[in-house]
$ cat target_7.cif   # mmCIF, C-alpha atoms
data_structure
#
loop_
_atom_site.label_atom_id
_atom_site.label_comp_id
_atom_site.auth_asym_id
_atom_site.auth_seq_id
_atom_site.Cartn_x
_atom_site.Cartn_y
_atom_site.Cartn_z
CA MET A 4 -7.93 -7.26 5.61
CA THR A 5 -5.84 -4.27 6.69
CA ILE A 6 -2.08 -4.06 6.87
CA ASN A 7 0.27 -1.22 7.62
CA PRO A 8 -0.54 1.81 5.42
CA LEU A 9 1.90 3.18 2.92
CA PRO A 10 3.78 6.43 3.57
CA ALA A 11 1.99 9.68 2.75
CA PRO A 12 2.33 10.72 -0.92
CA ARG A 13 4.82 13.39 -1.87
CA ARG A 14 3.21 16.82 -1.98
CA PRO A 15 3.16 18.40 -5.46
CA ASP A 16 5.23 21.49 -6.10
CA GLY A 17 5.32 24.25 -8.69
CA LEU A 18 2.39 24.35 -11.14
CA GLY A 19 1.46 20.81 -10.09
CA ARG A 20 -0.11 22.21 -6.89
CA LEU A 21 -3.12 23.43 -8.92
CA PRO A 22 -5.76 20.66 -9.33
CA MET A 23 -6.79 19.60 -12.81
CA GLY A 24 -10.32 21.00 -12.42
CA ARG A 25 -9.01 24.45 -11.68
CA TRP A 26 -6.75 24.26 -14.72
CA PHE A 27 -9.85 23.63 -16.88
CA VAL A 28 -11.67 26.54 -15.24
CA VAL A 29 -8.76 28.92 -15.67
CA ILE A 30 -8.21 27.96 -19.33
CA GLY A 31 -11.96 28.08 -20.13
CA VAL A 32 -12.51 31.46 -18.48
CA THR A 33 -9.45 32.90 -20.17
CA ALA A 34 -10.56 31.67 -23.61
CA THR A 35 -14.09 33.01 -23.04
CA LEU A 36 -12.79 36.41 -21.97
CA VAL A 37 -10.48 36.65 -24.96
CA LEU A 38 -13.27 35.69 -27.38
CA THR A 39 -15.72 38.10 -25.72
CA ALA A 40 -13.17 40.90 -25.94
CA GLY A 41 -12.71 40.13 -29.64
CA VAL A 42 -16.47 40.23 -30.23
CA VAL A 43 -16.79 43.54 -28.35
CA LEU A 44 -13.98 45.12 -30.32
CA THR A 45 -15.54 43.92 -33.58
CA ALA A 46 -18.89 45.40 -32.53
CA LEU A 47 -17.19 48.74 -31.76
CA LEU A 48 -15.60 48.73 -35.22
CA ILE A 49 -19.03 48.03 -36.76
CA GLU A 50 -20.49 51.04 -34.94
CA GLN A 51 -17.65 53.25 -36.17
CA VAL A 52 -18.32 52.11 -39.74
CA ARG A 53 -22.03 52.94 -39.34
CA GLU A 54 -21.21 56.42 -38.15
CA ALA A 55 -19.47 56.97 -41.52
CA ARG A 56 -22.94 56.44 -43.19
CA PRO A 57 -21.98 53.76 -45.71
CA ARG A 58 -24.19 52.54 -48.51
CA PRO A 59 -27.39 50.63 -47.70
CA GLN A 60 -25.88 47.36 -48.92
CA VAL A 61 -22.98 47.82 -46.47
CA GLU A 62 -25.48 48.55 -43.67
CA VAL A 63 -27.19 45.25 -44.34
CA LEU A 64 -23.87 43.36 -44.30
CA LEU A 65 -22.86 45.04 -41.07
CA ASP A 66 -26.16 44.00 -39.47
CA ARG A 67 -25.59 40.42 -40.58
CA LEU A 68 -22.01 40.51 -39.27
CA TYR A 69 -23.24 41.83 -35.96
CA VAL A 70 -25.82 39.06 -35.67
CA ALA A 71 -23.22 36.48 -36.65
CA LEU A 72 -20.88 37.72 -33.91
CA VAL A 73 -23.62 37.53 -31.30
CA VAL A 74 -24.62 34.04 -32.44
CA LEU A 75 -20.96 32.99 -32.41
CA LEU A 76 -20.52 34.29 -28.87
CA LEU A 77 -23.64 32.42 -27.72
CA ILE A 78 -22.43 29.23 -29.42
CA VAL A 79 -19.01 29.55 -27.73
CA ILE A 80 -20.62 30.11 -24.33
CA VAL A 81 -22.93 27.12 -24.77
CA ALA A 82 -20.02 24.99 -26.03
CA ALA A 83 -17.91 26.04 -23.02
CA VAL A 84 -20.71 25.08 -20.64
CA LEU A 85 -21.20 21.72 -22.36
CA LEU A 86 -17.44 21.10 -22.41
CA ALA A 87 -17.22 21.93 -18.71
CA ALA A 88 -20.05 19.50 -17.99
CA VAL A 89 -18.42 16.77 -20.10
CA VAL A 90 -15.03 17.30 -18.46
CA ARG A 91 -16.58 17.30 -15.01
CA TYR A 92 -18.72 14.18 -15.39
CA VAL A 93 -16.57 12.17 -17.81
CA VAL A 94 -13.06 13.02 -16.61
CA LEU A 95 -12.85 14.85 -13.29
CA ARG A 96 -15.40 12.81 -11.35
CA PRO A 97 -13.93 9.43 -12.41
CA ILE A 98 -10.44 10.72 -11.56
CA THR A 99 -11.69 11.87 -8.13
CA ARG A 100 -13.40 8.51 -7.56
CA LEU A 101 -10.28 6.59 -8.60
CA THR A 102 -8.12 8.81 -6.39
CA GLU A 103 -10.33 8.12 -3.37
CA GLN A 104 -10.26 4.39 -4.02
CA VAL A 105 -6.49 4.31 -4.51
CA ARG A 106 -6.05 6.42 -1.36
CA ARG A 107 -8.17 3.90 0.53
CA VAL A 108 -6.01 1.04 -0.70
CA ALA A 109 -2.82 2.97 0.05
CA ALA A 110 -4.10 3.59 3.58
CA GLY A 111 -4.00 -0.16 4.19
CA ASP A 112 -7.43 -1.53 3.16
CA PHE A 113 -6.16 -4.08 0.64
CA ASP A 114 -9.55 -5.81 0.39
CA HIS A 115 -11.01 -2.83 -1.47
CA ARG A 116 -11.00 -3.25 -5.25
CA PRO A 117 -10.50 -0.02 -7.26
CA ASN A 118 -13.10 0.06 -10.02
CA VAL A 119 -13.77 2.88 -12.52
CA ALA A 120 -15.91 2.14 -15.58
CA ARG A 121 -15.10 5.20 -17.69
CA PRO A 122 -13.30 6.64 -19.50
CA ALA A 123 -11.35 3.77 -21.07
CA GLU A 124 -7.95 5.11 -19.99
CA LEU A 125 -8.97 5.41 -16.33
CA ALA A 126 -10.66 1.99 -16.46
CA GLU A 127 -7.37 0.50 -17.67
CA LEU A 128 -5.44 2.35 -14.97
CA ALA A 129 -7.87 1.07 -12.31
CA SER A 130 -7.38 -2.49 -13.56
CA HIS A 131 -3.59 -2.10 -13.28
CA VAL A 132 -3.92 -0.75 -9.73
CA ASP A 133 -6.20 -3.66 -8.83
CA ALA A 134 -3.72 -6.15 -10.30
CA MET A 135 -0.95 -4.58 -8.21
CA ARG A 136 -3.20 -4.81 -5.14
CA GLU A 137 -3.80 -8.50 -5.84
CA ARG A 138 -0.06 -9.16 -6.06
CA ILE A 139 0.55 -7.29 -2.80
CA VAL A 140 -2.21 -9.23 -1.05
CA THR A 141 -0.87 -12.53 -2.38
CA ALA A 142 2.67 -11.69 -1.31
CA TRP A 143 1.46 -10.51 2.11
CA ARG A 144 -0.54 -13.68 2.70
CA THR A 145 2.42 -15.79 1.60
CA ALA A 146 4.65 -13.85 3.99
CA GLU A 147 2.11 -14.36 6.78
CA ASP A 148 2.03 -18.10 6.12
CA GLN A 149 5.81 -18.23 6.07
CA ALA A 150 5.99 -16.20 9.29
CA ALA A 151 3.55 -18.59 10.96
CA GLU A 152 5.58 -21.55 9.74
CA LEU A 153 8.75 -19.88 10.99
CA ARG A 154 7.20 -19.28 14.41
CA ARG A 155 6.16 -22.92 14.55
CA SER A 156 9.64 -24.00 13.49
CA ASN A 157 11.23 -21.74 16.11
CA GLY A 158 8.96 -23.25 18.74
CA GLU A 159 10.08 -26.73 17.73
CA LEU A 160 13.69 -25.55 17.73
CA GLU A 161 13.33 -24.20 21.25
CA GLN A 162 11.82 -27.50 22.32
CA PHE A 163 14.72 -29.33 20.69
CA ALA A 164 17.18 -27.04 22.47
CA TYR A 165 15.58 -27.89 25.79
CA VAL A 166 15.67 -31.61 25.04
CA ALA A 167 19.27 -31.39 23.81
CA SER A 168 20.44 -29.45 26.83
CA HIS A 169 18.78 -31.76 29.34
CA ASP A 170 17.52 -35.10 28.09
CA LEU A 171 20.35 -35.81 25.65
CA GLN A 172 23.29 -34.68 27.71
CA GLU A 173 22.31 -36.54 30.85
CA PRO A 174 22.70 -40.02 29.26
CA LEU A 175 26.03 -38.92 27.79
CA ARG A 176 27.27 -37.83 31.21
CA LYS A 177 26.22 -41.18 32.62
CA VAL A 178 27.97 -43.08 29.84
CA ALA A 179 31.20 -41.16 30.38
CA SER A 180 30.97 -41.30 34.16
CA PHE A 181 30.18 -45.01 34.51
CA THR A 182 32.71 -45.96 31.86
CA GLN A 183 35.42 -44.12 33.79
CA MET A 184 34.24 -45.77 37.02
CA LEU A 185 34.45 -49.13 35.27
CA GLU A 186 38.07 -48.40 34.36
CA GLN A 187 38.91 -47.27 37.90
CA ARG A 188 37.34 -50.28 39.63
CA TYR A 189 38.37 -53.03 37.24
CA GLY A 190 41.43 -51.44 35.72
CA ASP A 191 43.78 -54.15 37.03
CA ARG A 192 41.73 -56.83 35.28
CA LEU A 193 41.61 -55.09 31.91
CA ASP A 194 44.13 -55.46 29.15
CA ASP A 195 45.40 -52.64 26.96
CA ARG A 196 42.75 -53.17 24.28
CA ALA A 197 39.92 -52.95 26.85
CA ARG A 198 41.40 -49.72 28.22
CA GLN A 199 41.58 -48.40 24.65
CA TYR A 200 37.91 -49.23 24.10
CA ILE A 201 37.01 -47.43 27.31
CA HIS A 202 39.02 -44.42 26.16
CA TYR A 203 37.15 -44.39 22.84
CA ALA A 204 33.78 -44.54 24.64
CA VAL A 205 34.63 -41.70 27.02
CA ASP A 206 36.11 -39.59 24.24
CA GLY A 207 33.03 -40.16 22.04
CA ALA A 208 30.66 -39.15 24.83
CA LYS A 209 32.63 -35.98 25.57
CA ARG A 210 32.80 -35.06 21.89
CA MET A 211 29.04 -35.58 21.61
CA GLN A 212 28.50 -33.27 24.58
CA SER A 213 30.74 -30.65 22.99
CA LEU A 214 28.91 -31.00 19.68
CA ILE A 215 25.52 -30.58 21.35
CA ASN A 216 26.71 -27.47 23.20
CA ASP A 217 28.06 -25.96 19.98
CA LEU A 218 24.81 -26.72 18.16
CA LEU A 219 22.86 -25.05 20.94
CA ASP A 220 25.06 -21.96 20.70
CA PHE A 221 24.57 -21.93 16.93
CA SER A 222 20.78 -22.20 17.21
CA ARG A 223 20.53 -19.45 19.87
CA VAL A 224 22.06 -16.73 17.68
CA GLY A 225 19.34 -14.21 16.87
CA ARG A 226 16.69 -16.23 18.72
CA VAL A 227 17.16 -16.00 22.46
CA SER A 228 19.72 -13.22 22.63
CA GLY A 229 19.39 -9.96 24.52
CA GLU A 230 18.86 -6.56 23.02
CA ARG A 231 21.53 -4.91 20.90
CA THR A 232 23.08 -1.83 22.48
CA ALA A 233 26.27 0.21 22.18
CA VAL A 234 29.07 -2.21 23.14
CA ASP A 235 32.75 -1.47 23.69
CA ALA A 236 34.54 -3.94 21.41
CA GLY A 237 37.66 -3.64 23.56
CA ALA A 238 35.73 -4.77 26.62
CA ALA A 239 34.26 -7.70 24.66
CA LEU A 240 37.77 -8.73 23.59
CA ALA A 241 39.02 -8.47 27.18
CA ALA A 242 36.20 -10.74 28.36
CA ALA A 243 37.04 -13.23 25.61
CA LEU A 244 40.71 -13.27 26.62
CA ASP A 245 39.72 -13.89 30.25
CA ASN A 246 37.81 -16.97 29.08
CA LEU A 247 40.86 -18.09 27.08
CA ALA A 248 43.41 -17.36 29.80
CA GLY A 249 44.31 -21.04 30.21
CA ALA A 250 44.87 -21.67 26.50
CA VAL A 251 46.85 -18.43 26.12
CA GLU A 252 49.13 -19.35 29.03
CA ASP A 253 49.62 -22.97 27.94
CA THR A 254 50.63 -22.06 24.38
CA GLY A 255 52.56 -18.89 25.18
CA ALA A 256 50.28 -16.92 22.85
CA VAL A 257 50.50 -13.15 22.60
CA VAL A 258 47.25 -11.37 21.74
CA THR A 259 47.46 -7.66 20.94
CA SER A 260 45.05 -5.13 19.50
CA GLY A 261 44.84 -1.56 18.33
CA PRO A 262 42.14 0.83 19.57
CA LEU A 263 38.77 -0.90 19.26
CA PRO A 264 35.58 1.16 18.83
CA ARG A 265 32.06 1.01 20.19
CA VAL A 266 29.62 -0.93 18.02
CA VAL A 267 25.95 -1.80 18.09
CA GLY A 268 25.52 -5.39 19.15
CA ASN A 269 24.89 -7.97 21.82
CA ARG A 270 27.73 -8.06 24.34
CA LEU A 271 27.62 -11.80 25.00
CA GLN A 272 27.58 -12.71 21.31
CA LEU A 273 30.39 -10.27 20.46
CA THR A 274 32.45 -11.77 23.28
CA GLN A 275 31.78 -15.20 21.81
CA LEU A 276 32.80 -13.89 18.36
CA PHE A 277 36.18 -12.63 19.61
CA GLN A 278 36.68 -15.75 21.70
CA ASN A 279 36.08 -18.12 18.77
CA LEU A 280 38.36 -16.19 16.39
CA VAL A 281 41.24 -15.92 18.90
CA GLU A 282 40.79 -19.55 19.97
CA ASN A 283 40.84 -20.56 16.31
CA ALA A 284 44.11 -18.67 15.79
CA ILE A 285 45.65 -20.37 18.84
CA LYS A 286 44.43 -23.83 17.83
CA PHE A 287 45.77 -23.70 14.27
CA ARG A 288 49.19 -22.44 15.27
CA SER A 289 52.51 -23.18 13.59
CA ASP A 290 55.76 -24.22 15.27
CA GLU A 291 56.22 -20.68 16.60
CA PRO A 292 54.28 -19.34 19.60
CA PRO A 293 50.93 -17.92 18.47
CA ARG A 294 50.81 -14.18 17.71
CA VAL A 295 47.34 -12.69 17.24
CA HIS A 296 46.66 -9.05 16.44
CA LEU A 297 43.27 -7.35 16.11
CA THR A 298 42.57 -3.98 14.48
CA ALA A 299 39.56 -1.91 13.45
CA GLY A 300 38.99 0.83 10.87
CA ARG A 301 35.95 2.89 9.89
CA ALA A 302 34.15 1.93 6.65
CA GLY A 303 31.15 4.23 6.17
CA GLY A 304 28.51 3.44 8.75
CA MET A 305 30.34 0.23 9.75
CA TRP A 306 33.54 -0.68 11.54
CA GLU A 307 35.74 -3.19 9.75
CA PHE A 308 37.67 -5.48 12.10
CA ALA A 309 40.62 -7.71 11.28
CA CYS A 310 42.13 -10.64 13.19
CA SER A 311 45.57 -11.74 11.94
CA ASP A 312 47.71 -14.60 13.20
CA ASN A 313 50.97 -16.37 12.38
CA GLY A 314 49.47 -19.85 12.23
CA ILE A 315 49.28 -22.44 9.46
CA GLY A 316 46.90 -20.28 7.39
CA VAL A 317 44.10 -21.30 5.03
CA GLU A 318 44.38 -21.90 1.31
CA PRO A 319 42.25 -19.43 -0.72
CA ARG A 320 40.31 -22.27 -2.36
CA TYR A 321 38.84 -23.13 1.03
CA ALA A 322 37.77 -19.52 1.77
CA ASP A 323 34.06 -20.41 1.57
CA ARG A 324 34.15 -23.97 2.84
CA ILE A 325 35.60 -23.07 6.25
CA PHE A 326 32.42 -21.14 7.12
CA LEU A 327 30.13 -24.13 6.54
CA ILE A 328 28.91 -26.00 9.58
CA PHE A 329 30.72 -29.29 10.34
CA GLN A 330 33.30 -28.63 7.61
CA ARG A 331 36.84 -29.54 8.67
CA LEU A 332 40.09 -29.19 6.73
CA HIS A 333 42.18 -31.29 9.14
CA PRO A 334 41.71 -34.62 10.94
CA ARG A 335 40.16 -34.47 14.39
CA ASP A 336 43.15 -36.16 16.03
CA VAL A 337 45.43 -33.39 14.74
CA TYR A 338 43.23 -30.36 15.47
CA PRO A 339 40.30 -31.12 17.81
CA GLY A 340 36.95 -29.40 17.47
CA THR A 341 33.45 -29.80 16.08
CA GLY A 342 33.76 -27.67 12.93
CA ILE A 343 31.13 -25.15 14.05
CA GLY A 344 33.33 -22.29 15.30
CA LEU A 345 33.65 -20.23 12.11
CA ALA A 346 30.06 -20.98 11.05
CA LEU A 347 28.94 -19.63 14.42
CA CYS A 348 31.12 -16.53 13.97
CA ARG A 349 29.61 -15.80 10.57
CA LYS A 350 26.08 -16.26 11.91
CA ILE A 351 26.77 -13.83 14.76
CA VAL A 352 28.19 -11.22 12.39
CA GLU A 353 25.32 -11.57 9.90
CA TYR A 354 22.81 -11.33 12.75
CA HIS A 355 24.37 -7.95 13.57
CA GLY A 356 24.04 -6.79 9.96
CA GLY A 357 27.69 -7.28 8.93
CA ARG A 358 29.69 -9.87 7.02
CA LEU A 359 32.70 -12.08 7.78
CA TRP A 360 35.26 -13.26 5.26
CA LEU A 361 38.78 -14.62 4.86
CA ASP A 362 41.21 -12.02 3.52
CA GLY A 363 43.03 -13.92 0.78
CA ASP A 364 45.21 -10.90 -0.08
CA ALA A 365 46.63 -10.36 3.40
CA ALA A 366 50.40 -10.21 3.59
CA GLY A 367 52.49 -12.41 5.88
CA PRO A 368 52.01 -15.93 7.25
CA GLY A 369 48.90 -17.22 8.89
CA ALA A 370 45.33 -16.21 8.24
CA THR A 371 43.49 -12.89 8.41
CA PHE A 372 39.76 -12.76 9.01
CA ARG A 373 37.84 -9.55 8.44
CA TRP A 374 34.32 -8.67 9.53
CA THR A 375 32.09 -5.62 9.78
CA LEU A 376 29.81 -4.42 12.57
CA PRO A 377 27.50 -1.38 12.72
CA ALA A 378 29.03 1.68 14.38
CA ALA A 379 27.42 3.05 17.52
CA GLY A 380 25.68 6.39 17.14
CA ASP A 381 28.12 8.23 19.39
CA ASP A 382 31.17 7.10 17.37
CA GLU A 383 32.92 9.61 15.16
#
$ encode --input "target_7.cif" --output "structure tokens"
Amino acid sequence: MTINPLPAPRRPDGLGRLPMGRWFVVIGVTATLVLTAGVVLTALLIEQVREARPRPQVEVLLDRLYVALVVLLLIVIVAAVLLAAVVRYVVLRPITRLTEQVRRVAAGDFDHRPNVARPAELAELASHVDAMRERIVTAWRTAEDQAAELRRSNGELEQFAYVASHDLQEPLRKVASFTQMLEQRYGDRLDDRARQYIHYAVDGAKRMQSLINDLLDFSRVGRVSGERTAVDAGAALAAALDNLAGAVEDTGAVVTSGPLPRVVGNRLQLTQLFQNLVENAIKFRSDEPPRVHLTAGRAGGMWEFACSDNGIGVEPRYADRIFLIFQRLHPRDVYPGTGIGLALCRKIVEYHGGRLWLDGDAAGPGATFRWTLPAAGDDE
């Protein structure tokens, strides 16, 4: 099994650039040279003492000292060689072997098991690396299984979307159409209660169609959308207002905005975002004509937008509930709708990497919604 390799390791700097083996060589050679120099100096001092013609007993002691120095030097040289061999075969080689194995795992071959038998410290380190590898493999396989399940679920969702957009809506259109035809043809024979029943049937069919369309829009976010590019938020708002021209004219609403920036996003979904928020502000209006104002300000690498209105507002305790799908704060006969609008807006914003929330501290009447979107690269 091979997955994407890890990034290259950070290159050592300073004294860390010298490998451990070279450190042992440098220290060993230096110690040997210092000891050899000490032995040579001692031998020179012995020769100077001999030139002074000391007593025979001193000559004997000097000879013994000279032999002892030579033996000591030989012992140090042999010990240095043995120590170098021990360090090489017991420490450096296992470290090199473990490094190669860890490098192989880091390169992406997660089936390879790092294994070093000695020394005990490196064996323990190898076991820890192998345990980490096992956890990574387990997590990767779990993620693969979840990804496969998600792909299967998305396939079923796409199939459901097709069925909902074709097979479910066609019977609803027939119900509404034939019920209206029934009223037109036999209207003079029906009493008021029968006409009311027909009205309920037609209204229910139309509301079901609207609900299906909203559910389709909600399911399409992040699934069948186009690529994200640099989008002029002002142009997206203008397109949304064109779609809402009838509602704006009927209610006498006034929609204004400050300068809106370019953001990274999907143009159609951003248009839908502005359209839902402005439509929401118009729908939940007060006795005064609707006034909606949109602004934007830079917040690090994001743009923070705000949509304020003079409508009936939202109590702070409902700040989270209003973003849940199918959640309504008002009866359907007072404010029509399916209860998906704000949930759809939040899903669009989160798909673009931002967040949407109700500003409970905003001054003035009405409600203020704020959301963030990533800034385009050419924005300053």
$ closest_residue --input "target_7.cif" --among "A:Thr259, A:Asn283, A:Gln172, A:Thr102" --to "Leu125 (chain A)" --atoms "all atoms listed in the file"
A:Thr102
$ residues_around --input "target_7.cif" --residues "region 87-101 of chain A" --least-positions-apart "4" --cutoff "9 Å" --atoms "all atoms listed in the file" --output "list in words"
Met23, Gly24, Phe27, Val28, Gly31, Ala82, Ala83, Val105, Arg106, Pro117, Asn118, Val119, Ala120, Arg121, Pro122, Leu125 and Ala129 of chain A
$ residues_around --input "target_7.cif" --residues "region 38-42 of chain A" --least-positions-apart "2" --cutoff "8 Å" --atoms "only C-alpha atoms" --output "list in words"
Ala34, Thr35, Leu36, Leu44, Thr45, Ala46, Leu72, Val73 and Leu76 of chain A
$ closest_atom_pairs --input "target_7.cif" --of "region 247-327 of chain A" --to "region 349-361 of chain A" --cutoff "7 Å" --atoms "all atoms listed in the file" --output "CSV"
residue,atom,partner,partner_atom,distance
A:Gly268,CA,A:His355,CA,6.2
A:Gln272,CA,A:Ile351,CA,6.7
A:Ala322,CA,A:Leu361,CA,5.9
A:Phe326,CA,A:Arg349,CA,7.0
$ closest_residue --input "target_7.cif" --among "A:Ala256, A:Val178, A:Leu48, A:Val43" --to "Ser289 (chain A)" --atoms "all atoms listed in the file"
A:Ala256
$ residues_around --input "target_7.cif" --residues "Leu185 (chain A)" --least-positions-apart "3" --cutoff "12 Å" --atoms "only C-alpha atoms" --output "PyMOL selection string"
chain A and resi 177-182+188-193+197-198+200-202+204-205
$ residues_near_point --input "target_7.cif" --point "(24.0, 3.0, 24.4)" --cutoff "12 Å" --atoms "all atoms listed in the file" --output "count of residues only"
17
$ atom_distance --input "target_7.cif" --atom1 "CA of Leu247 (chain A)" --atom2 "CA of Ile285 (chain A)"
9.8 Å
$ residues_around --input "target_7.cif" --residues "Thr274 (chain A)" --least-positions-apart "3" --cutoff "12 Å" --atoms "all atoms listed in the file" --output "VMD selection string"
chain A and resid 234 to 247 268 to 271 277 to 282 348 351 to 352
$ atom_distance --input "target_7.cif" --atom1 "CA of Ala284 (chain A)" --atom2 "CA of Ile328 (chain A)"
18.0 Å
$ resolve_selection --input "target_7.cif" --expression "the PyMOL selection byres ((chain A and resi 296) around 9)" --output "PyMOL selection string"
chain A and resi 257-261+294-295+297-298+309-312
$ decode --input "target_7.cif" --residues "region 108-137 of chain A" --atoms "C-alpha atoms" --output "PDB file, in the first residue's frame"
ATOM      1  CA  VAL A 108       7.834   4.799   5.286  1.00  0.00           C
ATOM      2  CA  ALA A 109       7.890   8.592   5.048  1.00  0.00           C
ATOM      3  CA  ALA A 110       8.139   8.284   1.255  1.00  0.00           C
ATOM      4  CA  GLY A 111       4.715   6.633   1.257  1.00  0.00           C
ATOM      5  CA  ASP A 112       5.304   2.869   1.624  1.00  0.00           C
ATOM      6  CA  PHE A 113       3.164   2.364   4.718  1.00  0.00           C
ATOM      7  CA  ASP A 114       3.248  -1.434   4.405  1.00  0.00           C
ATOM      8  CA  HIS A 115       6.915  -1.502   5.390  1.00  0.00           C
ATOM      9  CA  ARG A 116       7.469  -2.235   9.086  1.00  0.00           C
ATOM     10  CA  PRO A 117      10.525  -0.517  10.657  1.00  0.00           C
ATOM     11  CA  ASN A 118      12.430  -3.115  12.660  1.00  0.00           C
ATOM     12  CA  VAL A 119      15.764  -2.676  14.479  1.00  0.00           C
ATOM     13  CA  ALA A 120      16.831  -5.314  17.012  1.00  0.00           C
ATOM     14  CA  ARG A 121      19.625  -3.424  18.782  1.00  0.00           C
ATOM     15  CA  PRO A 122      20.501  -1.432  20.732  1.00  0.00           C
ATOM     16  CA  ALA A 123      17.551  -1.364  23.138  1.00  0.00           C
ATOM     17  CA  GLU A 124      16.925   2.380  22.715  1.00  0.00           C
ATOM     18  CA  LEU A 125      16.741   2.152  18.915  1.00  0.00           C
ATOM     19  CA  ALA A 126      14.581  -0.978  19.139  1.00  0.00           C
ATOM     20  CA  GLU A 127      12.125   0.961  21.320  1.00  0.00           C
ATOM     21  CA  LEU A 128      12.202   3.908  18.915  1.00  0.00           C
ATOM     22  CA  ALA A 129      11.533   1.570  15.973  1.00  0.00           C
ATOM     23  CA  SER A 130       8.552   0.088  17.812  1.00  0.00           C
ATOM     24  CA  HIS A 131       7.130   3.582  18.404  1.00  0.00           C
ATOM     25  CA  VAL A 132       7.569   4.454  14.716  1.00  0.00           C
ATOM     26  CA  ASP A 133       5.859   1.201  13.736  1.00  0.00           C
ATOM     27  CA  ALA A 134       2.972   1.921  16.110  1.00  0.00           C
ATOM     28  CA  MET A 135       2.579   5.372  14.539  1.00  0.00           C
ATOM     29  CA  ARG A 136       2.638   3.749  11.089  1.00  0.00           C
ATOM     30  CA  GLU A 137      -0.104   1.342  12.158  1.00  0.00           C
TER      31      GLU A 137
END
